[in-house]
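Q: What follows is a single structure, and I will ask about it in a moment.
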Amino acid sequence: AFSGCESLTSIIIPDSVIEIEKFAFYDCRNLTSITISNRLTEIGLKVFSDCRSLTSITIPNSVIEIGERAFCNCSSLTSVTIPNSVTEIGWGAFCNCSSLTSITIPNSVTEIGGATFSDCSSLTSITIPNSVTEIGEGAFFGCESLTSVIIPNSIIEIGKGAFSGCAFLKHVIFEGKIFEWNINITKSLISYIFGPSPSFSEIKIGNKIVKISDLDQRVSLRSFVVFFKNFLRIFL
């Protein structure tokens, strides 16, 4: 509808609008202000992708789903408010939002999709609620300013490279008690989630500090590892 409209600087989407088609405001690179309809339930594929002048966005509490790459490459976006109505954040929804410094995921969200916050290079803090059960592949890949992460004990699966490329990640805490995880932590598993050369030397599981150097070294994996809360399944 307005894709590539360089003269558009602000937009008010009235409450009469209940749906926005994909790519609607894609590459409106001078768009700085958006007011979204309070009846909108979904922000679809690349709706605001590449709106490089957009600095902040408030998502109304009518929205249930943030679609794939919805705000990808919004390089000036520094803040975003995600309401408790949102249950799903799609693949790459906020990828390469290089000015985004912090994000709070509401406790209505159960899954953080693949590459959701990848290459958010200014992201220093992230709050993952205990409603989340899955963190997708490369979800926080390349978040090089991220220094710490707390993984709630609600998590049952973490995808490959979820925190890979987080060059300054120093503190990793698996929340809860160690017996609740009941997994075989190996160097290969750490590499699978955090990349081949993690920047930290230890992790914390419950109250126990585990040094990476003390972990068993497993043979290189030829396929993939799926990290579950109650068991580790390795497909070779």
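Residue names in the structure tokens use chain letters A, B, ... in the order shown, residue numbers from 1 in each chain, and ligand numbers from 1 in the order shown.
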Identify all residues of stretch 2-228 of chain A in helix (DSSP H, G or I) (DSSP on the backbone) and supply them as an MDAnalysis selection string.
A: chainID A and resid 178:181 187:194 212:214
Q: Write the residues you've just listed into a file as a compact mmCIF listing (two decimals), in the first residue's frame, and include all heavy atoms for each of them.
A:
# COMPACT_ATOMS: atom_id res chain seq x y z
N ILE A 178 19.15 -27.36 40.12
CA ILE A 178 19.89 -28.15 39.13
C ILE A 178 19.16 -29.44 38.76
O ILE A 178 19.16 -29.86 37.60
CB ILE A 178 21.33 -28.43 39.61
CG1 ILE A 178 22.17 -28.97 38.44
CG2 ILE A 178 21.35 -29.36 40.80
CD1 ILE A 178 23.65 -28.95 38.70
N PHE A 179 18.48 -30.08 39.72
CA PHE A 179 17.80 -31.34 39.40
C PHE A 179 16.61 -31.12 38.46
O PHE A 179 16.17 -32.03 37.77
CB PHE A 179 17.35 -32.04 40.69
CG PHE A 179 16.20 -31.38 41.40
CD1 PHE A 179 14.88 -31.64 41.02
CD2 PHE A 179 16.44 -30.51 42.44
CE1 PHE A 179 13.82 -31.02 41.68
CE2 PHE A 179 15.39 -29.89 43.10
CZ PHE A 179 14.08 -30.14 42.72
N GLU A 180 16.09 -29.88 38.41
CA GLU A 180 14.96 -29.60 37.54
C GLU A 180 15.36 -29.65 36.06
O GLU A 180 14.53 -29.91 35.20
CB GLU A 180 14.37 -28.22 37.86
CG GLU A 180 13.71 -28.14 39.21
CD GLU A 180 13.17 -26.76 39.50
OE1 GLU A 180 13.93 -25.77 39.38
OE2 GLU A 180 11.99 -26.65 39.84
N TRP A 181 16.63 -29.40 35.79
CA TRP A 181 17.10 -29.44 34.41
C TRP A 181 17.44 -30.87 34.00
O TRP A 181 17.09 -31.31 32.93
CB TRP A 181 18.31 -28.51 34.24
CG TRP A 181 17.91 -27.07 34.34
CD1 TRP A 181 17.95 -26.29 35.46
CD2 TRP A 181 17.35 -26.27 33.31
NE1 TRP A 181 17.46 -25.04 35.18
CE2 TRP A 181 17.09 -24.99 33.87
CE3 TRP A 181 17.05 -26.48 31.97
CZ2 TRP A 181 16.54 -23.95 33.12
CZ3 TRP A 181 16.51 -25.44 31.22
CH2 TRP A 181 16.25 -24.21 31.80
N LYS A 187 30.63 -29.73 26.61
CA LYS A 187 31.18 -28.60 25.86
C LYS A 187 30.49 -28.47 24.50
O LYS A 187 30.28 -27.36 24.00
CB LYS A 187 32.69 -28.79 25.69
CG LYS A 187 33.48 -28.56 26.97
CD LYS A 187 34.97 -28.73 26.75
CE LYS A 187 35.73 -28.52 28.06
NZ LYS A 187 37.19 -28.74 27.90
N SER A 188 30.13 -29.60 23.93
CA SER A 188 29.46 -29.57 22.63
C SER A 188 28.09 -28.91 22.73
O SER A 188 27.66 -28.18 21.83
CB SER A 188 29.32 -30.98 22.06
OG SER A 188 30.59 -31.48 21.68
N LEU A 189 27.39 -29.17 23.82
CA LEU A 189 26.08 -28.56 24.03
C LEU A 189 26.22 -27.05 24.20
O LEU A 189 25.46 -26.27 23.61
CB LEU A 189 25.38 -29.17 25.24
CG LEU A 189 24.02 -28.57 25.61
CD1 LEU A 189 23.05 -28.72 24.46
CD2 LEU A 189 23.47 -29.22 26.87
N ILE A 190 27.21 -26.62 24.99
CA ILE A 190 27.46 -25.20 25.17
C ILE A 190 27.79 -24.54 23.83
O ILE A 190 27.28 -23.47 23.50
CB ILE A 190 28.61 -24.96 26.18
CG1 ILE A 190 28.19 -25.44 27.58
CG2 ILE A 190 29.01 -23.49 26.22
CD1 ILE A 190 27.02 -24.71 28.18
N SER A 191 28.62 -25.20 23.02
CA SER A 191 28.97 -24.68 21.70
C SER A 191 27.76 -24.61 20.79
O SER A 191 27.63 -23.69 19.98
CB SER A 191 30.05 -25.56 21.05
OG SER A 191 31.25 -25.51 21.79
N TYR A 192 26.88 -25.58 20.92
CA TYR A 192 25.68 -25.63 20.10
C TYR A 192 24.78 -24.42 20.35
O TYR A 192 24.24 -23.81 19.43
CB TYR A 192 24.91 -26.92 20.40
CG TYR A 192 23.64 -27.08 19.61
CD1 TYR A 192 23.65 -27.56 18.30
CD2 TYR A 192 22.40 -26.77 20.17
CE1 TYR A 192 22.49 -27.71 17.58
CE2 TYR A 192 21.23 -26.91 19.46
CZ TYR A 192 21.27 -27.39 18.16
OH TYR A 192 20.11 -27.52 17.45
N ILE A 193 24.65 -24.03 21.61
CA ILE A 193 23.77 -22.92 21.99
C ILE A 193 24.47 -21.57 21.89
O ILE A 193 23.89 -20.60 21.39
CB ILE A 193 23.23 -23.12 23.42
CG1 ILE A 193 22.41 -24.41 23.53
CG2 ILE A 193 22.40 -21.92 23.87
CD1 ILE A 193 22.04 -24.78 24.95
N PHE A 194 25.74 -21.51 22.35
CA PHE A 194 26.42 -20.23 22.49
C PHE A 194 27.54 -20.00 21.46
O PHE A 194 28.20 -18.97 21.50
CB PHE A 194 27.01 -20.10 23.90
CG PHE A 194 25.97 -20.11 24.99
CD1 PHE A 194 25.68 -21.28 25.67
CD2 PHE A 194 25.25 -18.97 25.32
CE1 PHE A 194 24.72 -21.31 26.67
CE2 PHE A 194 24.29 -18.99 26.32
CZ PHE A 194 24.02 -20.17 26.99
N ILE A 212 33.29 -24.20 32.48
CA ILE A 212 33.29 -24.80 31.14
C ILE A 212 34.47 -25.76 30.98
O ILE A 212 34.35 -26.81 30.36
CB ILE A 212 33.35 -23.70 30.04
CG1 ILE A 212 32.20 -22.70 30.23
CG2 ILE A 212 33.30 -24.32 28.65
CD1 ILE A 212 30.83 -23.30 30.20
N SER A 213 35.59 -25.41 31.60
CA SER A 213 36.80 -26.24 31.47
C SER A 213 36.63 -27.61 32.13
O SER A 213 37.35 -28.55 31.81
CB SER A 213 38.00 -25.52 32.09
OG SER A 213 37.76 -25.21 33.46
N ASP A 214 35.66 -27.73 33.04
CA ASP A 214 35.44 -28.99 33.73
C ASP A 214 34.45 -29.90 33.01
O ASP A 214 34.26 -31.06 33.41
CB ASP A 214 34.92 -28.74 35.15
CG ASP A 214 35.96 -28.09 36.05
OD1 ASP A 214 37.16 -28.20 35.72
OD2 ASP A 214 35.57 -27.47 37.05
Q: As JSON, numbers by chain, which residues of stretch 100-129 of chain A does DSSP assign to strand (DSSP E or B)?
A: {"A": [102, 103, 104, 111, 112, 125, 126, 127]}
Q: Would you kindly return, as a ChimeraX atom specification, each protein, DNA or RNA residue with an atom no farther than 7 Å from any atom of stretch 94-100 of chain A, considering only C-alpha atoms and excluding same-chain residues fewer than 3 positions away?
A: /A:69-79,115-123
Q: Write the residues of the preceding selection, restricted to N, CA, C and O atoms, as a tab-separated table (two decimals), in the first residue's frame.
A:
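selection16.tsv, written as the output of this step:
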chain	number	residue	atom	x	y	z
A	69	ARG	N	9.72	-10.82	10.48
A	69	ARG	CA	10.46	-9.65	10.03
A	69	ARG	C	9.62	-8.37	10.07
A	69	ARG	O	9.86	-7.43	9.30
A	70	ALA	N	8.65	-8.32	10.97
A	70	ALA	CA	7.72	-7.18	11.04
A	70	ALA	C	8.44	-5.85	11.21
A	70	ALA	O	8.05	-4.84	10.61
A	71	PHE	N	9.49	-5.83	12.05
A	71	PHE	CA	10.25	-4.60	12.30
A	71	PHE	C	11.73	-4.78	11.95
A	71	PHE	O	12.58	-4.04	12.45
A	72	CYS	N	12.04	-5.74	11.14
A	72	CYS	CA	13.44	-6.03	10.79
A	72	CYS	C	14.07	-4.81	10.10
A	72	CYS	O	13.43	-4.11	9.32
A	73	ASN	N	15.32	-4.55	10.44
A	73	ASN	CA	16.10	-3.46	9.84
A	73	ASN	C	15.56	-2.08	10.18
A	73	ASN	O	15.83	-1.11	9.45
A	74	CYS	N	14.82	-1.96	11.28
A	74	CYS	CA	14.44	-0.63	11.78
A	74	CYS	C	15.62	-0.14	12.62
A	74	CYS	O	15.60	-0.24	13.86
A	75	SER	N	16.62	0.36	11.97
A	75	SER	CA	17.92	0.58	12.60
A	75	SER	C	17.95	1.74	13.59
A	75	SER	O	18.91	1.87	14.36
A	76	SER	N	16.92	2.60	13.61
A	76	SER	CA	16.87	3.70	14.58
A	76	SER	C	15.96	3.39	15.76
A	76	SER	O	15.85	4.20	16.69
A	77	LEU	N	15.33	2.24	15.74
A	77	LEU	CA	14.39	1.86	16.79
A	77	LEU	C	15.13	1.63	18.10
A	77	LEU	O	15.97	0.74	18.21
A	78	THR	N	14.82	2.45	19.11
A	78	THR	CA	15.50	2.33	20.40
A	78	THR	C	14.62	1.69	21.46
A	78	THR	O	15.13	1.14	22.43
A	79	SER	N	13.30	1.79	21.28
A	79	SER	CA	12.41	1.19	22.28
A	79	SER	C	11.15	0.64	21.63
A	79	SER	O	10.68	1.16	20.61
A	115	ALA	N	15.87	-16.21	15.10
A	115	ALA	CA	16.43	-14.93	14.65
A	115	ALA	C	15.62	-13.71	15.08
A	115	ALA	O	15.80	-12.63	14.53
A	116	THR	N	14.76	-13.86	16.07
A	116	THR	CA	13.87	-12.76	16.47
A	116	THR	C	14.61	-11.48	16.77
A	116	THR	O	14.23	-10.40	16.30
A	117	PHE	N	15.68	-11.57	17.55
A	117	PHE	CA	16.45	-10.38	17.92
A	117	PHE	C	17.89	-10.48	17.39
A	117	PHE	O	18.79	-9.86	17.95
A	118	SER	N	18.09	-11.22	16.35
A	118	SER	CA	19.46	-11.40	15.82
A	118	SER	C	20.02	-10.07	15.33
A	118	SER	O	19.31	-9.23	14.78
A	119	ASP	N	21.31	-9.87	15.61
A	119	ASP	CA	22.05	-8.68	15.19
A	119	ASP	C	21.48	-7.38	15.76
A	119	ASP	O	21.63	-6.31	15.15
A	120	CYS	N	20.84	-7.48	16.92
A	120	CYS	CA	20.49	-6.28	17.67
A	120	CYS	C	21.73	-5.91	18.48
A	120	CYS	O	21.84	-6.24	19.66
A	121	SER	N	22.65	-5.27	17.83
A	121	SER	CA	24.01	-5.12	18.35
A	121	SER	C	24.13	-4.20	19.56
A	121	SER	O	25.15	-4.21	20.25
A	122	SER	N	23.09	-3.39	19.83
A	122	SER	CA	23.12	-2.50	21.00
A	122	SER	C	22.33	-3.06	22.19
A	122	SER	O	22.29	-2.43	23.25
A	123	LEU	N	21.74	-4.22	22.01
A	123	LEU	CA	20.91	-4.80	23.06
A	123	LEU	C	21.78	-5.22	24.25
A	123	LEU	O	22.66	-6.07	24.13
Q: Do you have the atom CA of A:Thr87-atom CA of A:Ile203 distance handy?
A: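 These two atoms are separated by 29.2 Å.
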Q: Which residues, written as a ChimeraX atom specification, have at least one atom at most 12 Å from A:Ile209, with only C-alpha atoms counted and residues fewer than 6 positions away on the same chain left out?
A: /A:171-174,177-178,201-203,215
Q: Name the residues in contact with A:Ser199 at a cut-off of 7 Å, using only C-alpha atoms, excluding same-chain residues fewer than 2 positions from it; report them as a PDB file with C-alpha atoms, in the first residue's frame.
A:
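Saved to selection.pdb:
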ATOM      1  CA  ALA A 167      30.859 -11.451  22.193  1.00  0.00           C
ATOM      2  CA  PHE A 168      30.496  -9.860  25.632  1.00  0.00           C
ATOM      3  CA  LEU A 169      28.136 -12.359  27.238  1.00  0.00           C
ATOM      4  CA  LYS A 170      29.754 -13.127  30.603  1.00  0.00           C
ATOM      5  CA  SER A 197      34.064 -19.875  21.336  1.00  0.00           C
ATOM      6  CA  SER A 201      34.207 -19.383  31.449  1.00  0.00           C
TER       7      SER A 201
END
Q: Using only C-alpha atoms, pick whichever of A:Val109, A:Cys28, A:Val210, A:Ile205 has the shortest atom-to-atom distance to A:Val132.
A: A:Val109
Q: Work out how far apart atom CA of A:Gly161 and atom CA of A:Phe200 are and give it in Å to one decimal.
A: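 Answer for the atom CA of A:Gly161 to atom CA of A:Phe200 separation: 15.1 Å.
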Q: I want to know what sits within 6 Å of A:Phe25, based on only C-alpha atoms, with residues of the same chain fewer than 3 positions away left out; could you give that as a list of chain:residue names?
A: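 The filter keeps A:Phe2, A:Ser3, A:Cys28, A:Val47, A:Phe48.
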Q: Would you write out those residues with N, CA, C and O atoms, as a compact mmCIF listing (two decimals), in the first residue's frame?
A:
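Written output follows (again.txt):
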# COMPACT_ATOMS: atom_id res chain seq x y z
N PHE A 2 1.80 1.36 0.98
CA PHE A 2 2.68 2.53 1.07
C PHE A 2 4.14 2.12 0.93
O PHE A 2 5.03 2.92 1.23
N SER A 3 4.39 0.91 0.54
CA SER A 3 5.76 0.40 0.46
C SER A 3 6.66 1.31 -0.35
O SER A 3 6.32 1.71 -1.47
N CYS A 28 9.61 2.41 4.16
CA CYS A 28 9.25 3.83 4.30
C CYS A 28 10.34 4.45 5.17
O CYS A 28 10.17 4.62 6.39
N VAL A 47 5.66 -5.76 7.66
CA VAL A 47 4.78 -4.59 7.60
C VAL A 47 5.55 -3.29 7.80
O VAL A 47 5.35 -2.31 7.07
N PHE A 48 6.46 -3.27 8.78
CA PHE A 48 7.24 -2.06 9.05
C PHE A 48 8.74 -2.30 8.84
O PHE A 48 9.57 -1.52 9.31
Q: Skipping near chain neighbours, those fewer than 2 positions away, what residues fall within 12 Å of A:Lys160 using only C-alpha atoms, listed as a PyMOL selection string?
A: chain A and resi 113-115+134-141+157-158+162-165+188-196+221+223-227
Q: May I have the residues from that selection written out with N, CA, C and O atoms, as a short mmCIF file (atom, residue, chain, number, x, y, z; two decimals), in the first residue's frame?
A:
data_model
loop_
_atom_site.label_atom_id
_atom_site.label_comp_id
_atom_site.auth_asym_id
_atom_site.auth_seq_id
_atom_site.Cartn_x
_atom_site.Cartn_y
_atom_site.Cartn_z
N GLY A 113 10.77 -16.81 18.50
CA GLY A 113 11.09 -17.43 17.22
C GLY A 113 12.54 -17.31 16.81
O GLY A 113 13.33 -16.56 17.40
N GLY A 114 12.92 -18.06 15.79
CA GLY A 114 14.28 -18.02 15.27
C GLY A 114 14.65 -16.62 14.79
O GLY A 114 13.83 -15.94 14.18
N ALA A 115 15.87 -16.21 15.10
CA ALA A 115 16.43 -14.93 14.65
C ALA A 115 15.62 -13.71 15.08
O ALA A 115 15.80 -12.63 14.53
N GLU A 134 10.26 -22.10 24.56
CA GLU A 134 11.18 -22.37 23.45
C GLU A 134 11.87 -21.08 22.99
O GLU A 134 11.23 -20.05 22.80
N ILE A 135 13.17 -21.18 22.82
CA ILE A 135 13.97 -20.09 22.23
C ILE A 135 14.50 -20.61 20.91
O ILE A 135 15.23 -21.60 20.87
N GLY A 136 14.14 -19.96 19.83
CA GLY A 136 14.44 -20.47 18.50
C GLY A 136 15.88 -20.33 18.06
O GLY A 136 16.70 -19.64 18.69
N GLU A 137 16.21 -20.97 16.96
CA GLU A 137 17.55 -20.96 16.39
C GLU A 137 17.99 -19.53 16.08
O GLU A 137 17.29 -18.78 15.43
N GLY A 138 19.17 -19.17 16.61
CA GLY A 138 19.73 -17.85 16.33
C GLY A 138 18.91 -16.70 16.87
O GLY A 138 19.06 -15.57 16.39
N ALA A 139 18.07 -16.94 17.88
CA ALA A 139 17.15 -15.91 18.38
C ALA A 139 17.87 -14.63 18.79
O ALA A 139 17.39 -13.52 18.54
N PHE A 140 19.04 -14.77 19.43
CA PHE A 140 19.81 -13.61 19.88
C PHE A 140 21.21 -13.59 19.24
O PHE A 140 22.14 -13.03 19.80
N PHE A 141 21.32 -14.19 18.09
CA PHE A 141 22.61 -14.25 17.40
C PHE A 141 23.13 -12.83 17.14
O PHE A 141 22.41 -11.95 16.69
N GLU A 157 13.29 -26.11 25.23
CA GLU A 157 14.08 -26.26 24.01
C GLU A 157 14.79 -24.96 23.67
O GLU A 157 14.21 -23.88 23.75
N ILE A 158 16.06 -25.08 23.33
CA ILE A 158 16.85 -23.94 22.86
C ILE A 158 17.46 -24.33 21.52
O ILE A 158 18.12 -25.36 21.40
N ALA A 162 21.43 -20.05 19.46
CA ALA A 162 20.49 -19.07 20.00
C ALA A 162 21.19 -17.83 20.55
O ALA A 162 20.70 -16.71 20.41
N PHE A 163 22.37 -18.03 21.15
CA PHE A 163 23.13 -16.93 21.72
C PHE A 163 24.54 -16.86 21.12
O PHE A 163 25.45 -16.31 21.73
N SER A 164 24.69 -17.38 19.94
CA SER A 164 26.01 -17.35 19.28
C SER A 164 26.33 -15.92 18.84
O SER A 164 25.45 -15.14 18.49
N GLY A 165 27.61 -15.58 18.89
CA GLY A 165 28.03 -14.24 18.45
C GLY A 165 27.78 -13.15 19.46
O GLY A 165 27.89 -11.97 19.14
N SER A 188 30.13 -29.60 23.93
CA SER A 188 29.46 -29.57 22.63
C SER A 188 28.09 -28.91 22.73
O SER A 188 27.66 -28.18 21.83
N LEU A 189 27.39 -29.17 23.82
CA LEU A 189 26.08 -28.56 24.03
C LEU A 189 26.22 -27.05 24.20
O LEU A 189 25.46 -26.27 23.61
N ILE A 190 27.21 -26.62 24.99
CA ILE A 190 27.46 -25.20 25.17
C ILE A 190 27.79 -24.54 23.83
O ILE A 190 27.28 -23.47 23.50
N SER A 191 28.62 -25.20 23.02
CA SER A 191 28.97 -24.68 21.70
C SER A 191 27.76 -24.61 20.79
O SER A 191 27.63 -23.69 19.98
N TYR A 192 26.88 -25.58 20.92
CA TYR A 192 25.68 -25.63 20.10
C TYR A 192 24.78 -24.42 20.35
O TYR A 192 24.24 -23.81 19.43
N ILE A 193 24.65 -24.03 21.61
CA ILE A 193 23.77 -22.92 21.99
C ILE A 193 24.47 -21.57 21.89
O ILE A 193 23.89 -20.60 21.39
N PHE A 194 25.74 -21.51 22.35
CA PHE A 194 26.42 -20.23 22.49
C PHE A 194 27.54 -20.00 21.46
O PHE A 194 28.20 -18.97 21.50
N GLY A 195 27.74 -20.95 20.56
CA GLY A 195 28.78 -20.80 19.56
C GLY A 195 30.07 -21.49 19.98
O GLY A 195 30.25 -21.84 21.16
N PRO A 196 30.98 -21.70 19.04
CA PRO A 196 32.19 -22.50 19.30
C PRO A 196 33.17 -21.87 20.27
O PRO A 196 33.97 -22.57 20.88
N LEU A 221 29.33 -32.89 16.58
CA LEU A 221 28.03 -33.35 16.15
C LEU A 221 27.88 -33.12 14.64
O LEU A 221 28.14 -32.04 14.15
N SER A 223 25.02 -33.53 12.98
CA SER A 223 23.69 -33.05 12.61
C SER A 223 23.25 -31.96 13.57
O SER A 223 23.68 -30.83 13.44
N PHE A 224 22.40 -32.27 14.53
CA PHE A 224 21.95 -31.24 15.44
C PHE A 224 21.59 -31.82 16.79
O PHE A 224 21.38 -32.99 16.96
N VAL A 225 21.57 -30.90 17.75
CA VAL A 225 21.22 -31.25 19.11
C VAL A 225 19.94 -30.50 19.47
O VAL A 225 19.80 -29.35 19.14
N VAL A 226 19.03 -31.17 20.12
CA VAL A 226 17.85 -30.50 20.64
C VAL A 226 17.96 -30.53 22.16
O VAL A 226 18.12 -31.58 22.76
N PHE A 227 17.89 -29.36 22.74
CA PHE A 227 18.10 -29.22 24.17
C PHE A 227 16.75 -29.19 24.88
O PHE A 227 15.97 -28.29 24.73
#
Q: Check the smallest atom-to-atom distance from each of A:Ser37, A:Ser49, A:Asn130, A:Ser85 to A:Asp15 using only C-alpha atoms, then report the winner.
A: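 Once distances to A:Asp15 are computed over only C-alpha atoms, the minimum belongs to A:Ser37.
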